[in-house]
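Student: Got target23.cif for you, mmCIF, C-alpha atoms:
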```cif
data_final
loop_
_atom_site.group_PDB
_atom_site.id
_atom_site.type_symbol
_atom_site.label_atom_id
_atom_site.label_comp_id
_atom_site.auth_asym_id
_atom_site.auth_seq_id
_atom_site.Cartn_x
_atom_site.Cartn_y
_atom_site.Cartn_z
ATOM 1 C CA MET A 1 -20.365 -128.396 -158.247
ATOM 2 C CA THR A 2 -18.268 -130.223 -160.766
ATOM 3 C CA ASP A 3 -18.809 -128.373 -164.040
ATOM 4 C CA GLU A 4 -18.857 -124.966 -162.427
ATOM 5 C CA VAL A 5 -16.077 -122.421 -161.980
ATOM 6 C CA LYS A 6 -14.036 -122.982 -158.865
ATOM 7 C CA PRO A 7 -14.167 -119.850 -156.694
ATOM 8 C CA ASP A 8 -10.978 -118.158 -155.491
ATOM 9 C CA LYS A 9 -12.850 -117.082 -152.405
ATOM 10 C CA VAL A 10 -15.924 -118.419 -150.620
ATOM 11 C CA VAL A 11 -17.909 -116.170 -148.304
ATOM 12 C CA ASP A 12 -20.024 -118.322 -146.043
ATOM 13 C CA ALA A 13 -22.686 -115.914 -144.771
ATOM 14 C CA ARG A 14 -25.207 -118.591 -143.879
ATOM 15 C CA GLY A 15 -27.168 -117.599 -140.775
ATOM 16 C CA ALA A 16 -26.676 -113.862 -141.331
ATOM 17 C CA PHE A 17 -29.634 -111.662 -142.195
ATOM 18 C CA CYS A 18 -30.129 -108.811 -144.644
ATOM 19 C CA PRO A 19 -27.946 -106.858 -145.314
ATOM 20 C CA GLY A 20 -25.196 -109.112 -143.845
ATOM 21 C CA PRO A 21 -24.473 -111.481 -146.769
ATOM 22 C CA LEU A 22 -24.461 -108.659 -149.340
ATOM 23 C CA MET A 23 -22.131 -106.560 -147.195
ATOM 24 C CA GLU A 24 -19.794 -109.530 -146.702
ATOM 25 C CA LEU A 25 -19.747 -110.107 -150.457
ATOM 26 C CA ILE A 26 -18.891 -106.445 -151.095
ATOM 27 C CA LYS A 27 -16.091 -106.619 -148.508
ATOM 28 C CA ALA A 28 -14.661 -109.725 -150.140
ATOM 29 C CA TYR A 29 -14.966 -108.053 -153.552
ATOM 30 C CA LYS A 30 -12.977 -105.028 -152.353
ATOM 31 C CA GLN A 31 -10.163 -107.286 -151.131
ATOM 32 C CA ALA A 32 -10.133 -109.439 -154.268
ATOM 33 C CA LYS A 33 -8.077 -109.023 -157.428
ATOM 34 C CA VAL A 34 -9.566 -108.389 -160.865
ATOM 35 C CA GLY A 35 -10.389 -111.784 -162.359
ATOM 36 C CA ASP A 36 -11.076 -113.449 -159.013
ATOM 37 C CA VAL A 37 -14.179 -115.582 -158.704
ATOM 38 C CA ILE A 38 -16.087 -115.041 -155.464
ATOM 39 C CA SER A 39 -18.870 -117.198 -154.160
ATOM 40 C CA VAL A 40 -21.287 -116.281 -151.371
ATOM 41 C CA TYR A 41 -23.490 -118.702 -149.443
ATOM 42 C CA SER A 42 -26.623 -117.253 -147.904
ATOM 43 C CA THR A 43 -29.739 -118.396 -146.103
ATOM 44 C CA ASP A 44 -31.239 -114.902 -146.124
ATOM 45 C CA SER A 45 -34.222 -114.456 -148.438
ATOM 46 C CA GLY A 46 -33.108 -111.061 -149.772
ATOM 47 C CA THR A 47 -29.664 -112.059 -151.028
ATOM 48 C CA LYS A 48 -30.889 -114.098 -153.994
ATOM 49 C CA LYS A 49 -32.058 -110.887 -155.673
ATOM 50 C CA ASP A 50 -29.931 -108.305 -153.860
ATOM 51 C CA ALA A 51 -26.545 -109.817 -154.623
ATOM 52 C CA PRO A 52 -27.069 -110.354 -158.394
ATOM 53 C CA ALA A 53 -28.490 -106.799 -158.631
ATOM 54 C CA TRP A 54 -25.391 -105.409 -156.949
ATOM 55 C CA ILE A 55 -23.044 -107.556 -159.068
ATOM 56 C CA LYS A 56 -24.590 -106.247 -162.285
ATOM 57 C CA LYS A 57 -24.889 -102.647 -161.120
ATOM 58 C CA SER A 58 -21.277 -102.557 -159.989
ATOM 59 C CA GLY A 59 -20.179 -103.685 -163.447
ATOM 60 C CA ASN A 60 -19.058 -107.180 -162.501
ATOM 61 C CA GLU A 61 -19.941 -110.534 -163.954
ATOM 62 C CA LEU A 62 -22.661 -112.719 -162.469
ATOM 63 C CA ILE A 63 -21.592 -116.290 -163.082
ATOM 64 C CA GLY A 64 -24.600 -117.932 -161.507
ATOM 65 C CA VAL A 65 -27.221 -118.275 -158.800
ATOM 66 C CA TYR A 66 -27.561 -121.821 -157.511
ATOM 67 C CA ASP A 67 -30.072 -123.312 -155.114
ATOM 68 C CA ARG A 68 -28.151 -125.586 -152.770
ATOM 69 C CA ASP A 69 -29.365 -127.718 -149.923
ATOM 70 C CA GLY A 70 -31.005 -125.155 -147.610
ATOM 71 C CA TYR A 71 -29.105 -122.147 -148.933
ATOM 72 C CA VAL A 72 -28.373 -120.230 -152.092
ATOM 73 C CA GLU A 73 -24.952 -119.821 -153.699
ATOM 74 C CA ILE A 74 -24.205 -116.777 -155.829
ATOM 75 C CA VAL A 75 -21.035 -116.739 -157.868
ATOM 76 C CA MET A 76 -19.444 -113.650 -159.385
ATOM 77 C CA LYS A 77 -16.276 -112.658 -161.163
ATOM 78 C CA LYS A 78 -14.556 -109.402 -160.311
ATOM 79 C CA SER A 79 -14.179 -107.709 -163.663
ATOM 80 C CA LYS A 80 -13.214 -104.242 -162.465
ATOM 81 C CA MET B 1 -23.296 -91.683 -161.257
ATOM 82 C CA PRO B 2 -23.527 -92.589 -157.585
ATOM 83 C CA GLY B 3 -25.820 -90.394 -155.553
ATOM 84 C CA LYS B 4 -25.786 -89.073 -152.052
ATOM 85 C CA ILE B 5 -28.020 -89.730 -149.088
ATOM 86 C CA SER B 6 -27.987 -87.946 -145.756
ATOM 87 C CA ILE B 7 -29.760 -89.530 -142.818
ATOM 88 C CA LEU B 8 -30.889 -87.737 -139.687
ATOM 89 C CA MET B 9 -30.978 -90.235 -136.832
ATOM 90 C CA VAL B 10 -33.065 -88.413 -134.269
ATOM 91 C CA SER B 11 -34.802 -91.317 -132.567
ATOM 92 C CA GLY B 12 -32.850 -93.333 -130.023
ATOM 93 C CA THR B 13 -34.952 -96.461 -130.254
ATOM 94 C CA ILE B 14 -33.293 -99.491 -131.741
ATOM 95 C CA ASP B 15 -35.977 -100.169 -134.365
ATOM 96 C CA LYS B 16 -35.306 -96.809 -135.980
ATOM 97 C CA LEU B 17 -31.552 -96.881 -135.478
ATOM 98 C CA MET B 18 -31.479 -100.328 -137.063
ATOM 99 C CA ALA B 19 -33.600 -99.139 -139.995
ATOM 100 C CA GLY B 20 -31.123 -96.305 -140.511
ATOM 101 C CA ALA B 21 -28.166 -98.699 -140.338
ATOM 102 C CA VAL B 22 -29.806 -101.064 -142.860
ATOM 103 C CA ILE B 23 -30.552 -98.202 -145.271
ATOM 104 C CA THR B 24 -26.960 -97.017 -144.882
ATOM 105 C CA SER B 25 -25.790 -100.526 -145.828
ATOM 106 C CA GLY B 26 -28.074 -100.520 -148.873
ATOM 107 C CA ALA B 27 -26.708 -97.136 -149.910
ATOM 108 C CA VAL B 28 -23.136 -98.476 -149.535
ATOM 109 C CA ALA B 29 -24.102 -101.382 -151.788
ATOM 110 C CA ASN B 30 -25.238 -98.806 -154.337
ATOM 111 C CA ASP B 31 -21.911 -97.017 -154.058
ATOM 112 C CA MET B 32 -23.531 -93.865 -152.693
ATOM 113 C CA GLU B 33 -22.018 -91.242 -150.436
ATOM 114 C CA ILE B 34 -23.740 -91.318 -147.039
ATOM 115 C CA ASN B 35 -23.756 -88.815 -144.208
ATOM 116 C CA VAL B 36 -25.377 -89.919 -140.970
ATOM 117 C CA PHE B 37 -26.191 -87.147 -138.534
ATOM 118 C CA PHE B 38 -27.125 -88.096 -134.964
ATOM 119 C CA SER B 39 -29.201 -85.780 -132.827
ATOM 120 C CA PHE B 40 -31.481 -85.935 -129.796
ATOM 121 C CA PHE B 41 -31.896 -89.511 -128.544
ATOM 122 C CA GLY B 42 -29.948 -90.927 -131.454
ATOM 123 C CA LEU B 43 -26.925 -88.988 -130.226
ATOM 124 C CA LEU B 44 -27.471 -90.173 -126.648
ATOM 125 C CA ASN B 45 -27.500 -93.755 -127.853
ATOM 126 C CA LEU B 46 -24.005 -93.234 -129.268
ATOM 127 C CA LYS B 47 -22.546 -92.501 -125.849
ATOM 128 C CA LYS B 48 -19.711 -94.843 -124.920
ATOM 129 C CA ASP B 49 -21.057 -95.305 -121.389
ATOM 130 C CA ASN B 50 -24.127 -97.140 -122.781
ATOM 131 C CA SER B 51 -26.310 -95.112 -120.456
ATOM 132 C CA PHE B 52 -29.201 -94.905 -122.915
ATOM 133 C CA PRO B 53 -31.767 -97.737 -122.740
ATOM 134 C CA GLN B 54 -32.002 -100.117 -125.693
ATOM 135 C CA THR B 55 -35.709 -100.156 -126.330
ATOM 136 C CA LEU B 56 -38.282 -99.934 -129.105
ATOM 137 C CA SER B 57 -40.498 -97.098 -130.324
ATOM 138 C CA TYR B 58 -43.670 -96.490 -128.351
ATOM 139 C CA GLU B 59 -45.860 -98.722 -130.518
ATOM 140 C CA GLY B 60 -43.392 -101.573 -130.127
ATOM 141 C CA VAL B 61 -43.073 -101.436 -126.348
ATOM 142 C CA PRO B 62 -45.574 -104.273 -125.692
ATOM 143 C CA MET B 63 -43.324 -106.636 -127.646
ATOM 144 C CA THR B 64 -39.919 -105.340 -126.538
ATOM 145 C CA ASP B 65 -38.975 -108.552 -124.730
ATOM 146 C CA GLN B 66 -40.031 -110.742 -127.635
ATOM 147 C CA MET B 67 -38.194 -108.584 -130.179
ATOM 148 C CA MET B 68 -35.010 -108.434 -128.088
ATOM 149 C CA LYS B 69 -35.123 -112.210 -127.714
ATOM 150 C CA VAL B 70 -35.450 -112.746 -131.467
ATOM 151 C CA LEU B 71 -32.597 -110.352 -132.254
ATOM 152 C CA LYS B 72 -30.366 -112.095 -129.714
ATOM 153 C CA GLU B 73 -31.323 -115.671 -130.645
ATOM 154 C CA LYS B 74 -30.816 -115.067 -134.350
ATOM 155 C CA ASN B 75 -27.503 -113.302 -133.758
ATOM 156 C CA VAL B 76 -28.593 -110.163 -135.559
ATOM 157 C CA PRO B 77 -25.780 -107.628 -135.283
ATOM 158 C CA SER B 78 -26.584 -104.507 -133.274
ATOM 159 C CA TRP B 79 -27.492 -101.340 -135.183
ATOM 160 C CA LEU B 80 -24.117 -99.913 -134.200
ATOM 161 C CA ASP B 81 -22.167 -102.921 -135.463
ATOM 162 C CA MET B 82 -24.183 -102.798 -138.683
ATOM 163 C CA LEU B 83 -23.364 -99.133 -139.107
ATOM 164 C CA LYS B 84 -19.671 -99.777 -138.352
ATOM 165 C CA ASN B 85 -19.621 -102.511 -140.948
ATOM 166 C CA ALA B 86 -21.234 -100.187 -143.512
ATOM 167 C CA LYS B 87 -18.655 -97.528 -142.702
ATOM 168 C CA GLU B 88 -15.765 -99.967 -143.114
ATOM 169 C CA THR B 89 -17.146 -101.057 -146.465
ATOM 170 C CA GLY B 90 -18.176 -97.793 -148.091
ATOM 171 C CA ASN B 91 -18.189 -94.034 -148.168
ATOM 172 C CA VAL B 92 -19.979 -93.315 -144.885
ATOM 173 C CA LYS B 93 -19.405 -90.371 -142.570
ATOM 174 C CA VAL B 94 -20.978 -90.133 -139.120
ATOM 175 C CA TYR B 95 -21.616 -86.839 -137.366
ATOM 176 C CA GLY B 96 -22.964 -85.703 -134.036
ATOM 177 C CA CYS B 97 -25.240 -82.674 -133.781
ATOM 178 C CA ALA B 98 -23.503 -79.664 -132.232
ATOM 179 C CA LEU B 99 -26.692 -78.253 -130.724
ATOM 180 C CA MET B 100 -27.532 -81.417 -128.789
ATOM 181 C CA ALA B 101 -23.912 -82.004 -127.841
ATOM 182 C CA ASP B 102 -23.719 -78.523 -126.340
ATOM 183 C CA LEU B 103 -27.067 -78.726 -124.564
ATOM 184 C CA LEU B 104 -26.283 -82.086 -123.015
ATOM 185 C CA GLY B 105 -22.611 -81.480 -122.383
ATOM 186 C CA VAL B 106 -21.600 -84.343 -124.693
ATOM 187 C CA LYS B 107 -18.132 -84.204 -126.243
ATOM 188 C CA LYS B 108 -16.783 -86.137 -129.212
ATOM 189 C CA GLU B 109 -14.667 -88.266 -126.847
ATOM 190 C CA ASP B 110 -17.835 -89.309 -124.946
ATOM 191 C CA LEU B 111 -19.193 -90.852 -128.134
ATOM 192 C CA ASP B 112 -18.427 -94.072 -129.946
ATOM 193 C CA PRO B 113 -15.340 -93.715 -132.191
ATOM 194 C CA ILE B 114 -17.582 -94.232 -135.230
ATOM 195 C CA VAL B 115 -18.334 -90.486 -134.952
ATOM 196 C CA ASP B 116 -16.102 -88.508 -137.313
ATOM 197 C CA ASP B 117 -16.944 -85.086 -135.982
ATOM 198 C CA ILE B 118 -19.464 -82.879 -134.218
ATOM 199 C CA VAL B 119 -20.985 -80.495 -136.739
ATOM 200 C CA GLY B 120 -23.608 -77.769 -136.772
ATOM 201 C CA VAL B 121 -26.776 -77.938 -138.809
ATOM 202 C CA GLY B 122 -25.505 -75.422 -141.356
ATOM 203 C CA GLU B 123 -22.598 -77.685 -142.196
ATOM 204 C CA PHE B 124 -24.812 -80.752 -142.308
ATOM 205 C CA VAL B 125 -27.322 -79.161 -144.678
ATOM 206 C CA SER B 126 -24.433 -78.015 -146.820
ATOM 207 C CA MET B 127 -23.064 -81.591 -146.942
ATOM 208 C CA ALA B 128 -26.521 -82.881 -147.806
ATOM 209 C CA GLU B 129 -27.007 -80.459 -150.685
ATOM 210 C CA GLY B 130 -27.817 -82.112 -153.987
ATOM 211 C CA GLY B 131 -28.725 -85.453 -152.370
ATOM 212 C CA GLN B 132 -31.632 -87.023 -150.564
ATOM 213 C CA ILE B 133 -32.344 -86.420 -146.893
ATOM 214 C CA LEU B 134 -34.017 -89.026 -144.711
ATOM 215 C CA PHE B 135 -35.384 -88.151 -141.298
ATOM 216 C CA ILE B 136 -35.607 -91.118 -138.961
#
```
In structure tokens, how does this file's structure come out?

Tutor:
Amino acid sequence: MTDEVKPDKVVDARGAFCPGPLMELIKAYKQAKVGDVISVYSTDSGTKKDAPAWIKKSGNELIGVYDRDGYVEIVMKKSK
Amino acid sequence: MPGKISILMVSGTIDKLMAGAVITSGAVANDMEINVFFSFFGLLNLKKDNSFPQTLSYEGVPMTDQMMKVLKEKNVPSWLDMLKNAKETGNVKVYGCALMADLLGVKKEDLDPIVDDIVGVGEFVSMAEGGQILFI
């Protein structure tokens, strides 16, 4: 990840199942400051759709969804 | 505008309690207000003394051992931990049913601290007004 935004916080939720990674992301979001970039790693099959849906619904910015080696990384920016 | 969901946890089997805890988490993710009301065997499974058996619904009994093994091996959090996590993250209130508590001699202090209060059905229905009710 060279050309991508460097996250202020990484939530490594690999190994956790639905709804674990999403809940960990929401917890991290609540502790973060506006403008912070948060990244979540997940191996759970639901997170790839669940997390972006929550990011958009909650009025934040989805920076990207990336397939990594054996997991997915979802990056968001706290905009409110 | 965030909505409201009120869940009646009447079953004490872990499949149903876990389903309720997962739905509560999903509702937290949708910024909803959630009231979880424990009665009958659900209430008994909240007792601090862990006296209630952790088992599956009737149709799942033949595979109880297999299911328990999977949950343990894959480090799936317990339904109670999942519910605690949802409560820490969002707007979740947990209540015990006054009728069952009285019948069984259960007091608030006998229950897991996740329980906010023991309330009667009139109060619960009043809290649930204007939202969805799920019976589990």

Student: Would you list which chain A residues are within 7 Å of chain B using all atoms listed in the file, as number ranges by chain?

Tutor: A: 17, 19, 27, 54

Student: Within 7 Å of Asp12 of chain A, counting all atoms listed in the file, which residues show up once you throw out same-chain ones fewer than 3 positions away? Write them as a PyMOL selection string, please.

Tutor: chain A and resi 40-42

Student: Would you translate the PyMOL selection byres ((chain A and resi 6-9) around 7) into the concrete set of residues it matches in this file, as a list in words?

Tutor: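 Applying the expression gives Glu4, Val5, Val10, Val11, Asp36, Val37, Ile38 and Ser39 of chain A.
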
Student: Can those selected residues be exported to a file as an mmCIF file, keeping the file's coordinate frame so that it contains C-alpha atoms?

Tutor:
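Wrote it out as selection_4.cif, contents follow:
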```cif
data_model
loop_
_atom_site.group_PDB
_atom_site.id
_atom_site.type_symbol
_atom_site.label_atom_id
_atom_site.label_comp_id
_atom_site.auth_asym_id
_atom_site.auth_seq_id
_atom_site.Cartn_x
_atom_site.Cartn_y
_atom_site.Cartn_z
ATOM 1 C CA GLU A 4 -18.857 -124.966 -162.427
ATOM 2 C CA VAL A 5 -16.077 -122.421 -161.980
ATOM 3 C CA VAL A 10 -15.924 -118.419 -150.620
ATOM 4 C CA VAL A 11 -17.909 -116.170 -148.304
ATOM 5 C CA ASP A 36 -11.076 -113.449 -159.013
ATOM 6 C CA VAL A 37 -14.179 -115.582 -158.704
ATOM 7 C CA ILE A 38 -16.087 -115.041 -155.464
ATOM 8 C CA SER A 39 -18.870 -117.198 -154.160
#
```

Student: If you count all atoms listed in the file, which residues fall within 8 Å of Val36 of chain B, apart from same-chain ones fewer than 5 positions away, as a list in words?

Tutor: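 That gives Ser6, Ile7, Leu8, Met9, Val92, Lys93, Val94 and Tyr95 of chain B.
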
Student: At what distance in Å, to one decimal, does atom CA of Gly20 of chain B lie from atom CA of Lys87 of chain B?

Tutor: 12.7 Å

Student: Would you kindly translate the PyMOL selection byres ((chain B and resi 79) around 8) into the concrete residues it picks from this file, as a list in words?

Tutor: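 Against this file, the PyMOL selection byres ((chain B and resi 79) around 8) returns the residues Ile14, Leu17, Met18, Ala21, Pro77, Ser78, Leu80, Asp81, Met82 and Leu83 of chain B.
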
Student: For C-alpha atoms, please extract chain A from the block and return it as a PDB file, in the first residue's frame.

Tutor:
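Okay, this is what ended up in part07.pdb:
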```
ATOM      1  CA  MET A   1       0.000   0.000   0.000  1.00  0.00           C
ATOM      2  CA  THR A   2       2.234   2.729  -1.283  1.00  0.00           C
ATOM      3  CA  ASP A   3      -0.074   5.122  -3.121  1.00  0.00           C
ATOM      4  CA  GLU A   4      -2.874   4.782  -0.619  1.00  0.00           C
ATOM      5  CA  VAL A   5      -3.770   6.941   2.371  1.00  0.00           C
ATOM      6  CA  LYS A   6      -1.925   5.975   5.510  1.00  0.00           C
ATOM      7  CA  PRO A   7      -4.446   5.120   8.239  1.00  0.00           C
ATOM      8  CA  ASP A   8      -4.305   6.813  11.644  1.00  0.00           C
ATOM      9  CA  LYS A   9      -5.701   3.652  13.145  1.00  0.00           C
ATOM     10  CA  VAL A  10      -5.703   0.018  12.038  1.00  0.00           C
ATOM     11  CA  VAL A  11      -8.282  -2.390  13.419  1.00  0.00           C
ATOM     12  CA  ASP A  12      -7.064  -5.916  12.870  1.00  0.00           C
ATOM     13  CA  ALA A  13     -10.234  -8.003  13.191  1.00  0.00           C
ATOM     14  CA  ARG A  14      -8.924 -10.964  11.233  1.00  0.00           C
ATOM     15  CA  GLY A  15     -10.284 -14.217  12.659  1.00  0.00           C
ATOM     16  CA  ALA A  16     -13.412 -12.589  14.100  1.00  0.00           C
ATOM     17  CA  PHE A  17     -16.819 -13.421  12.672  1.00  0.00           C
ATOM     18  CA  CYS A  18     -19.876 -11.335  11.850  1.00  0.00           C
ATOM     19  CA  PRO A  19     -20.675  -8.931  13.466  1.00  0.00           C
ATOM     20  CA  GLY A  20     -17.237  -8.678  15.172  1.00  0.00           C
ATOM     21  CA  PRO A  21     -15.214  -6.712  12.579  1.00  0.00           C
ATOM     22  CA  LEU A  22     -18.027  -4.209  11.957  1.00  0.00           C
ATOM     23  CA  MET A  23     -18.513  -3.654  15.683  1.00  0.00           C
ATOM     24  CA  GLU A  24     -14.766  -3.163  16.171  1.00  0.00           C
ATOM     25  CA  LEU A  25     -14.737  -0.628  13.341  1.00  0.00           C
ATOM     26  CA  ILE A  26     -17.643   1.282  14.907  1.00  0.00           C
ATOM     27  CA  LYS A  27     -15.859   1.288  18.281  1.00  0.00           C
ATOM     28  CA  ALA A  28     -12.692   2.636  16.698  1.00  0.00           C
ATOM     29  CA  TYR A  29     -14.753   5.240  14.828  1.00  0.00           C
ATOM     30  CA  LYS A  30     -16.336   6.459  18.078  1.00  0.00           C
ATOM     31  CA  GLN A  31     -12.896   6.928  19.647  1.00  0.00           C
ATOM     32  CA  ALA A  32     -11.410   8.634  16.589  1.00  0.00           C
ATOM     33  CA  LYS A  33     -11.249  12.332  15.759  1.00  0.00           C
ATOM     34  CA  VAL A  34     -12.948  13.910  12.751  1.00  0.00           C
ATOM     35  CA  GLY A  35     -10.545  13.589   9.826  1.00  0.00           C
ATOM     36  CA  ASP A  36      -8.954  10.370  11.071  1.00  0.00           C
ATOM     37  CA  VAL A  37      -8.467   7.563   8.590  1.00  0.00           C
ATOM     38  CA  ILE A  38      -9.387   4.141   9.956  1.00  0.00           C
ATOM     39  CA  SER A  39      -8.600   0.841   8.346  1.00  0.00           C
ATOM     40  CA  VAL A  40     -10.146  -2.512   9.254  1.00  0.00           C
ATOM     41  CA  TYR A  41      -8.776  -5.928   8.311  1.00  0.00           C
ATOM     42  CA  SER A  42     -11.285  -8.751   8.147  1.00  0.00           C
ATOM     43  CA  THR A  43     -11.475 -12.376   7.106  1.00  0.00           C
ATOM     44  CA  ASP A  44     -15.235 -12.513   7.655  1.00  0.00           C
ATOM     45  CA  SER A  45     -17.305 -12.767   4.477  1.00  0.00           C
ATOM     46  CA  GLY A  46     -19.952 -10.260   5.599  1.00  0.00           C
ATOM     47  CA  THR A  47     -17.659  -7.319   6.328  1.00  0.00           C
ATOM     48  CA  LYS A  48     -16.827  -6.545   2.700  1.00  0.00           C
ATOM     49  CA  LYS A  49     -20.407  -5.362   2.169  1.00  0.00           C
ATOM     50  CA  ASP A  50     -21.454  -4.592   5.745  1.00  0.00           C
ATOM     51  CA  ALA A  51     -18.672  -2.163   6.572  1.00  0.00           C
ATOM     52  CA  PRO A  52     -18.943   0.012   3.412  1.00  0.00           C
ATOM     53  CA  ALA A  53     -22.749   0.094   3.881  1.00  0.00           C
ATOM     54  CA  TRP A  54     -22.320   1.316   7.443  1.00  0.00           C
ATOM     55  CA  ILE A  55     -19.638   3.852   6.454  1.00  0.00           C
ATOM     56  CA  LYS A  56     -21.926   5.403   3.843  1.00  0.00           C
ATOM     57  CA  LYS A  57     -25.070   5.258   5.966  1.00  0.00           C
ATOM     58  CA  SER A  58     -23.337   6.895   8.908  1.00  0.00           C
ATOM     59  CA  GLY A  59     -22.301   9.787   6.673  1.00  0.00           C
ATOM     60  CA  ASN A  60     -18.592   9.021   6.548  1.00  0.00           C
ATOM     61  CA  GLU A  61     -16.246   8.639   3.634  1.00  0.00           C
ATOM     62  CA  LEU A  62     -15.381   5.248   2.175  1.00  0.00           C
ATOM     63  CA  ILE A  63     -11.836   5.525   0.901  1.00  0.00           C
ATOM     64  CA  GLY A  64     -11.568   2.011  -0.439  1.00  0.00           C
ATOM     65  CA  VAL A  65     -12.112  -1.728  -0.227  1.00  0.00           C
ATOM     66  CA  TYR A  66      -8.983  -3.724  -0.990  1.00  0.00           C
ATOM     67  CA  ASP A  67      -8.510  -7.449  -1.403  1.00  0.00           C
ATOM     68  CA  ARG A  68      -5.319  -8.369   0.420  1.00  0.00           C
ATOM     69  CA  ASP A  69      -3.626 -11.701   0.815  1.00  0.00           C
ATOM     70  CA  GLY A  70      -6.323 -13.801   2.526  1.00  0.00           C
ATOM     71  CA  TYR A  71      -8.266 -10.871   3.956  1.00  0.00           C
ATOM     72  CA  VAL A  72     -10.033  -7.694   2.972  1.00  0.00           C
ATOM     73  CA  GLU A  73      -9.033  -4.180   4.023  1.00  0.00           C
ATOM     74  CA  ILE A  74     -11.645  -1.442   4.230  1.00  0.00           C
ATOM     75  CA  VAL A  75     -10.492   2.117   4.680  1.00  0.00           C
ATOM     76  CA  MET A  76     -12.674   4.998   5.828  1.00  0.00           C
ATOM     77  CA  LYS A  77     -12.326   8.605   6.852  1.00  0.00           C
ATOM     78  CA  LYS A  78     -14.280   9.944   9.797  1.00  0.00           C
ATOM     79  CA  SER A  79     -16.038  12.967   8.378  1.00  0.00           C
ATOM     80  CA  LYS A  80     -18.479  13.609  11.208  1.00  0.00           C
TER      81      LYS A  80
END
```
